[in-house]
Amino acid sequence: MNIREAIRARHSVRQYKKEPISAQDREKLTELISEVNGDSGLNIQIIFDEPKCLDSVLARFSKFRNAENYIAIVGDKSLADLNERAGYFGEKIVIAAQMMGLNTCWIGGSFSRKNCGAAIGDDEKLVCIIAIGYGLNEGARHKSKPFAKLCDIPEAEMPVWFKAGMIAAMMAPTALNQQKFFVEMQGEEALITTNGGGMAQIDLGIVKYNFEAASGHRCV
Ligand SMILES: Cc1cc2nc3c(=O)[nH]c(=O)nc-3n(C[C@H](O)[C@H](O)[C@H](O)COP(=O)(O)O)c2cc1C
């Protein structure tokens with residue numbers, strides 16, 4: 001499975017098999033996260049076999065079942081772009097996990113912060129978590145806004161790279177599937193913006209990762 005296929009195949013999965021993540025997959029994920037931390041300056045942590053964080057009333061209401069592994073996206077509070085950075089590098093892990101045969105779900109609200117097993121320093125913030133495991137299903141494709149609402153170029157006039165990036169951006173997970181982003185072509189780059197706060201900034205990072213990974217062109 002290549003990156004574009006992984007972006008297409010990824011959907012939120014909230015119900016997992018009661019099957020621990022294999023030793024081989026644990027090792028791969030731990031290595032990948034340490035590499036991503038080196039590149040991003042974040043302090044992302046993976047917590048295995050911990051049922052409490054996603055067993056709250058809120059989590060059950062959101063239909064999470066057997067979600068006993070998760071990735072905590074933690075970073076320095078003082079980073080001005082912490083949420084966007086969390087989205088970009090978290091999505092890099094999500095897509096790599098999809099390629100390994102694991103399923104995921106971004107979670108900004110429906111988890112217990114109090115029961116999160118991550119070590120969070122005084123200068124750090126837990127931005128959100130990502131549930132991870134072997135899904136009971138592969139999830140379902142979300143509805144997307146049309147091109148015309150998400151970018152400034154008519155579909156017929158898009159260069160091949162821009163269209164590939166747009167398709168991957170439209171498949172990106174966003175909080176409540178709100179897709180509050182807008183893409184403009186600026187020469188060989190894409191300018192992606194949002195007018196939303198908090199979660200929309202995480203979404204922005206996620207969308208930028210998908211666009212860059214599928215198009216091979218930089219997003220600013
Ligand atoms: C930043 C962010 C926060 C999210 N928070 C939650 C959450 O608290 N609870 C939940 O059930 N899903 C959450 N989601 C998952 C979204 O509902 C889901 O990504 C969106 O509906 C699109 O569906 P898809 O991921 O299957 O493409 C979140 C997604 C993102 C990107």
# chains A, B, ... in the order shown; residues from 1 in each chain; ligands from 1
>>> residues_around(residues="Ile73 in chain A", least_positions_apart="6", cutoff="8 Å", atoms="only C-alpha atoms", output="number ranges by chain")
A: 42-45, 86, 90, 126-130
>>> write_last_selection(atoms="N, CA and C atoms", output="PDB file, in the first residue's frame")
ATOM      1  N   LEU A  42       8.145  17.675  19.014  1.00  0.00           N
ATOM      2  CA  LEU A  42       7.015  17.332  19.899  1.00  0.00           C
ATOM      3  C   LEU A  42       7.438  16.195  20.837  1.00  0.00           C
ATOM      4  N   ASN A  43       6.572  15.877  21.784  1.00  0.00           N
ATOM      5  CA  ASN A  43       6.845  14.780  22.719  1.00  0.00           C
ATOM      6  C   ASN A  43       5.700  13.772  22.635  1.00  0.00           C
ATOM      7  N   ILE A  44       5.533  13.230  21.416  1.00  0.00           N
ATOM      8  CA  ILE A  44       4.440  12.281  21.159  1.00  0.00           C
ATOM      9  C   ILE A  44       4.771  10.964  21.869  1.00  0.00           C
ATOM     10  N   GLN A  45       3.733  10.374  22.494  1.00  0.00           N
ATOM     11  CA  GLN A  45       3.947   9.117  23.246  1.00  0.00           C
ATOM     12  C   GLN A  45       2.892   8.100  22.845  1.00  0.00           C
ATOM     13  N   ALA A  86       0.896  19.472  15.731  1.00  0.00           N
ATOM     14  CA  ALA A  86       0.337  18.212  16.244  1.00  0.00           C
ATOM     15  C   ALA A  86      -0.431  17.495  15.125  1.00  0.00           C
ATOM     16  N   GLY A  90       1.006  14.107  13.631  1.00  0.00           N
ATOM     17  CA  GLY A  90       0.108  13.020  14.026  1.00  0.00           C
ATOM     18  C   GLY A  90      -0.413  12.300  12.793  1.00  0.00           C
ATOM     19  N   LEU A 126      -1.260  18.452  26.495  1.00  0.00           N
ATOM     20  CA  LEU A 126      -1.766  17.294  25.752  1.00  0.00           C
ATOM     21  C   LEU A 126      -2.750  17.852  24.733  1.00  0.00           C
ATOM     22  N   VAL A 127      -2.381  17.839  23.456  1.00  0.00           N
ATOM     23  CA  VAL A 127      -3.249  18.446  22.430  1.00  0.00           C
ATOM     24  C   VAL A 127      -4.460  17.556  22.181  1.00  0.00           C
ATOM     25  N   CYS A 128      -4.215  16.291  21.902  1.00  0.00           N
ATOM     26  CA  CYS A 128      -5.308  15.353  21.644  1.00  0.00           C
ATOM     27  C   CYS A 128      -4.703  13.956  21.635  1.00  0.00           C
ATOM     28  N   ILE A 129      -5.530  12.953  21.401  1.00  0.00           N
ATOM     29  CA  ILE A 129      -4.981  11.595  21.292  1.00  0.00           C
ATOM     30  C   ILE A 129      -5.457  10.969  19.984  1.00  0.00           C
ATOM     31  N   ILE A 130      -4.846   9.851  19.638  1.00  0.00           N
ATOM     32  CA  ILE A 130      -5.273   9.077  18.458  1.00  0.00           C
ATOM     33  C   ILE A 130      -5.402   7.623  18.913  1.00  0.00           C
TER      34      ILE A 130
END
>>> residues_near_ligand(ligand="ligand 1", cutoff="8 Å", atoms="only C-alpha atoms and all ligand atoms", output="number ranges by chain")
A: 10-14, 59, 62-64, 87, 105-111, 128, 139-142, 171-178, 199-200, 202-203, 206
>>> select_by_dssp(residues="range 54-208 of chain A", states="helix (DSSP H, G or I)", output="number ranges by chain")
A: 57-61, 82-99, 147-150, 155-157, 160-170, 175-177, 198-208
>>> residues_around(residues="range 151-158 of chain A", least_positions_apart="4", cutoff="7 Å", atoms="only C-alpha atoms", output="CSV table (one decimal) with C-alpha atoms, in the first residue's frame")
chain,number,residue,atom,x,y,z
A,147,PHE,CA,-13.9,21.3,-4.8
A,162,PHE,CA,-2.8,20.1,-7.4
A,163,LYS,CA,-5.8,17.8,-8.0
A,182,PHE,CA,-9.3,26.6,2.0
A,183,VAL,CA,-6.6,25.9,-0.6
A,184,GLU,CA,-5.1,28.4,-3.0
>>> closest_residue(among="A:Ala190, A:Met170, A:Lys77, A:Leu204", to="Gly121 in chain A", atoms="only C-alpha atoms")
A:Lys77
>>> select_by_dssp(residues="chain A", states="strand (DSSP E or B)", output="PDB file with N, CA and C atoms, in the first residue's frame")
ATOM      1  N   SER A  12     -12.012   6.852  10.162  1.00  0.00           N
ATOM      2  CA  SER A  12     -12.032   6.696  11.622  1.00  0.00           C
ATOM      3  C   SER A  12     -12.572   5.326  11.990  1.00  0.00           C
ATOM      4  N   GLN A  15     -14.181   0.946  16.883  1.00  0.00           N
ATOM      5  CA  GLN A  15     -14.316  -0.374  17.532  1.00  0.00           C
ATOM      6  C   GLN A  15     -13.132  -1.254  17.117  1.00  0.00           C
ATOM      7  N   TYR A  16     -12.492  -1.805  18.134  1.00  0.00           N
ATOM      8  CA  TYR A  16     -11.272  -2.582  17.884  1.00  0.00           C
ATOM      9  C   TYR A  16     -11.417  -4.023  18.338  1.00  0.00           C
ATOM     10  N   GLN A  45       3.733  10.374  22.494  1.00  0.00           N
ATOM     11  CA  GLN A  45       3.947   9.117  23.246  1.00  0.00           C
ATOM     12  C   GLN A  45       2.892   8.100  22.845  1.00  0.00           C
ATOM     13  N   ILE A  46       3.295   6.830  22.843  1.00  0.00           N
ATOM     14  CA  ILE A  46       2.286   5.794  22.570  1.00  0.00           C
ATOM     15  C   ILE A  46       2.062   4.992  23.842  1.00  0.00           C
ATOM     16  N   ILE A  47       0.801   4.767  24.132  1.00  0.00           N
ATOM     17  CA  ILE A  47       0.452   4.046  25.357  1.00  0.00           C
ATOM     18  C   ILE A  47      -0.285   2.770  24.937  1.00  0.00           C
ATOM     19  N   ARG A  65     -15.014   1.190  21.449  1.00  0.00           N
ATOM     20  CA  ARG A  65     -15.044  -0.132  22.086  1.00  0.00           C
ATOM     21  C   ARG A  65     -13.677  -0.782  21.977  1.00  0.00           C
ATOM     22  N   TYR A  70      -3.346   4.031  22.470  1.00  0.00           N
ATOM     23  CA  TYR A  70      -3.519   5.369  21.886  1.00  0.00           C
ATOM     24  C   TYR A  70      -2.200   6.122  21.845  1.00  0.00           C
ATOM     25  N   ILE A  71      -2.194   7.101  20.965  1.00  0.00           N
ATOM     26  CA  ILE A  71      -1.020   7.951  20.798  1.00  0.00           C
ATOM     27  C   ILE A  71      -1.390   9.300  21.387  1.00  0.00           C
ATOM     28  N   ALA A  72      -0.578   9.777  22.333  1.00  0.00           N
ATOM     29  CA  ALA A  72      -0.864  11.084  22.948  1.00  0.00           C
ATOM     30  C   ALA A  72       0.019  12.123  22.266  1.00  0.00           C
ATOM     31  N   ILE A  73      -0.619  13.159  21.725  1.00  0.00           N
ATOM     32  CA  ILE A  73       0.147  14.205  21.046  1.00  0.00           C
ATOM     33  C   ILE A  73       0.412  15.312  22.067  1.00  0.00           C
ATOM     34  N   VAL A  74       1.658  15.359  22.507  1.00  0.00           N
ATOM     35  CA  VAL A  74       2.063  16.279  23.572  1.00  0.00           C
ATOM     36  C   VAL A  74       3.143  17.201  23.019  1.00  0.00           C
ATOM     37  N   GLY A  75       3.101  18.468  23.415  1.00  0.00           N
ATOM     38  CA  GLY A  75       4.150  19.380  22.951  1.00  0.00           C
ATOM     39  C   GLY A  75       4.267  20.585  23.870  1.00  0.00           C
ATOM     40  N   ASP A  76       5.302  21.345  23.634  1.00  0.00           N
ATOM     41  CA  ASP A  76       5.601  22.522  24.441  1.00  0.00           C
ATOM     42  C   ASP A  76       4.492  23.573  24.275  1.00  0.00           C
ATOM     43  N   ASN A 103      -5.585   0.482  12.381  1.00  0.00           N
ATOM     44  CA  ASN A 103      -6.631   1.497  12.225  1.00  0.00           C
ATOM     45  C   ASN A 103      -6.498   2.533  13.329  1.00  0.00           C
ATOM     46  N   THR A 104      -7.071   3.700  13.074  1.00  0.00           N
ATOM     47  CA  THR A 104      -6.895   4.824  14.007  1.00  0.00           C
ATOM     48  C   THR A 104      -8.157   5.688  14.081  1.00  0.00           C
ATOM     49  N   CYS A 105      -8.196   6.551  15.081  1.00  0.00           N
ATOM     50  CA  CYS A 105      -9.211   7.611  15.142  1.00  0.00           C
ATOM     51  C   CYS A 105      -8.639   8.790  15.923  1.00  0.00           C
ATOM     52  N   TRP A 106      -8.637   9.959  15.311  1.00  0.00           N
ATOM     53  CA  TRP A 106      -8.243  11.183  16.013  1.00  0.00           C
ATOM     54  C   TRP A 106      -9.304  11.487  17.079  1.00  0.00           C
ATOM     55  N   ILE A 107      -8.888  11.910  18.263  1.00  0.00           N
ATOM     56  CA  ILE A 107      -9.867  12.239  19.308  1.00  0.00           C
ATOM     57  C   ILE A 107      -9.443  13.506  20.046  1.00  0.00           C
ATOM     58  N   GLU A 124       4.216  21.564  29.183  1.00  0.00           N
ATOM     59  CA  GLU A 124       3.648  20.882  28.019  1.00  0.00           C
ATOM     60  C   GLU A 124       2.117  20.844  28.066  1.00  0.00           C
ATOM     61  N   LYS A 125       1.566  20.554  26.878  1.00  0.00           N
ATOM     62  CA  LYS A 125       0.114  20.431  26.770  1.00  0.00           C
ATOM     63  C   LYS A 125      -0.212  19.132  26.030  1.00  0.00           C
ATOM     64  N   LEU A 126      -1.260  18.452  26.495  1.00  0.00           N
ATOM     65  CA  LEU A 126      -1.766  17.294  25.752  1.00  0.00           C
ATOM     66  C   LEU A 126      -2.750  17.852  24.733  1.00  0.00           C
ATOM     67  N   VAL A 127      -2.381  17.839  23.456  1.00  0.00           N
ATOM     68  CA  VAL A 127      -3.249  18.446  22.430  1.00  0.00           C
ATOM     69  C   VAL A 127      -4.460  17.556  22.181  1.00  0.00           C
ATOM     70  N   CYS A 128      -4.215  16.291  21.902  1.00  0.00           N
ATOM     71  CA  CYS A 128      -5.308  15.353  21.644  1.00  0.00           C
ATOM     72  C   CYS A 128      -4.703  13.956  21.635  1.00  0.00           C
ATOM     73  N   ILE A 129      -5.530  12.953  21.401  1.00  0.00           N
ATOM     74  CA  ILE A 129      -4.981  11.595  21.292  1.00  0.00           C
ATOM     75  C   ILE A 129      -5.457  10.969  19.984  1.00  0.00           C
ATOM     76  N   ILE A 130      -4.846   9.851  19.638  1.00  0.00           N
ATOM     77  CA  ILE A 130      -5.273   9.077  18.458  1.00  0.00           C
ATOM     78  C   ILE A 130      -5.402   7.623  18.913  1.00  0.00           C
ATOM     79  N   ALA A 131      -6.612   7.083  18.842  1.00  0.00           N
ATOM     80  CA  ALA A 131      -6.791   5.659  19.180  1.00  0.00           C
ATOM     81  C   ALA A 131      -6.146   4.844  18.065  1.00  0.00           C
ATOM     82  N   ILE A 132      -5.563   3.701  18.431  1.00  0.00           N
ATOM     83  CA  ILE A 132      -4.898   2.863  17.425  1.00  0.00           C
ATOM     84  C   ILE A 132      -5.068   1.391  17.787  1.00  0.00           C
ATOM     85  N   GLY A 133      -5.228   0.555  16.767  1.00  0.00           N
ATOM     86  CA  GLY A 133      -5.370  -0.882  17.015  1.00  0.00           C
ATOM     87  C   GLY A 133      -5.841  -1.584  15.757  1.00  0.00           C
ATOM     88  N   GLY A 135      -8.725  -2.815  13.787  1.00  0.00           N
ATOM     89  CA  GLY A 135     -10.141  -2.478  13.772  1.00  0.00           C
ATOM     90  C   GLY A 135     -11.046  -3.682  13.582  1.00  0.00           C
ATOM     91  N   CYS A 151     -11.396  25.164  -2.595  1.00  0.00           N
ATOM     92  CA  CYS A 151     -10.209  25.726  -3.252  1.00  0.00           C
ATOM     93  C   CYS A 151     -10.616  26.734  -4.317  1.00  0.00           C
ATOM     94  N   PHE A 182      -9.198  26.102   3.341  1.00  0.00           N
ATOM     95  CA  PHE A 182      -9.300  26.601   1.976  1.00  0.00           C
ATOM     96  C   PHE A 182      -7.915  26.565   1.331  1.00  0.00           C
ATOM     97  N   VAL A 183      -7.866  26.057   0.103  1.00  0.00           N
ATOM     98  CA  VAL A 183      -6.576  25.857  -0.575  1.00  0.00           C
ATOM     99  C   VAL A 183      -6.473  26.789  -1.777  1.00  0.00           C
ATOM    100  N   GLU A 184      -5.328  27.501  -1.856  1.00  0.00           N
ATOM    101  CA  GLU A 184      -5.066  28.364  -3.022  1.00  0.00           C
ATOM    102  C   GLU A 184      -3.762  27.931  -3.661  1.00  0.00           C
ATOM    103  N   MET A 185      -3.701  27.993  -4.994  1.00  0.00           N
ATOM    104  CA  MET A 185      -2.460  27.620  -5.664  1.00  0.00           C
ATOM    105  C   MET A 185      -1.579  28.849  -5.747  1.00  0.00           C
ATOM    106  N   GLN A 186      -0.324  28.691  -5.319  1.00  0.00           N
ATOM    107  CA  GLN A 186       0.629  29.806  -5.419  1.00  0.00           C
ATOM    108  C   GLN A 186       1.861  29.271  -6.129  1.00  0.00           C
ATOM    109  N   GLU A 189       3.379  25.838  -5.169  1.00  0.00           N
ATOM    110  CA  GLU A 189       3.024  25.512  -3.783  1.00  0.00           C
ATOM    111  C   GLU A 189       1.526  25.701  -3.551  1.00  0.00           C
ATOM    112  N   ALA A 190       1.051  25.160  -2.430  1.00  0.00           N
ATOM    113  CA  ALA A 190      -0.347  25.376  -2.054  1.00  0.00           C
ATOM    114  C   ALA A 190      -0.376  26.169  -0.745  1.00  0.00           C
ATOM    115  N   LEU A 191      -1.208  27.208  -0.734  1.00  0.00           N
ATOM    116  CA  LEU A 191      -1.413  27.962   0.504  1.00  0.00           C
ATOM    117  C   LEU A 191      -2.703  27.433   1.122  1.00  0.00           C
ATOM    118  N   ILE A 192      -2.608  26.857   2.307  1.00  0.00           N
ATOM    119  CA  ILE A 192      -3.818  26.305   2.947  1.00  0.00           C
ATOM    120  C   ILE A 192      -4.080  27.087   4.228  1.00  0.00           C
ATOM    121  N   THR A 193      -5.293  27.592   4.360  1.00  0.00           N
ATOM    122  CA  THR A 193      -5.637  28.428   5.515  1.00  0.00           C
ATOM    123  C   THR A 193      -6.941  27.936   6.157  1.00  0.00           C
ATOM    124  N   CYS A 219       3.230  22.691   1.099  1.00  0.00           N
ATOM    125  CA  CYS A 219       2.095  23.526   1.538  1.00  0.00           C
ATOM    126  C   CYS A 219       2.632  24.582   2.495  1.00  0.00           C
TER     127      CYS A 219
END
>>> atom_distance(atom1="CA of Thr30 in chain A", atom2="CA of Val220 in chain A")
28.8 Å
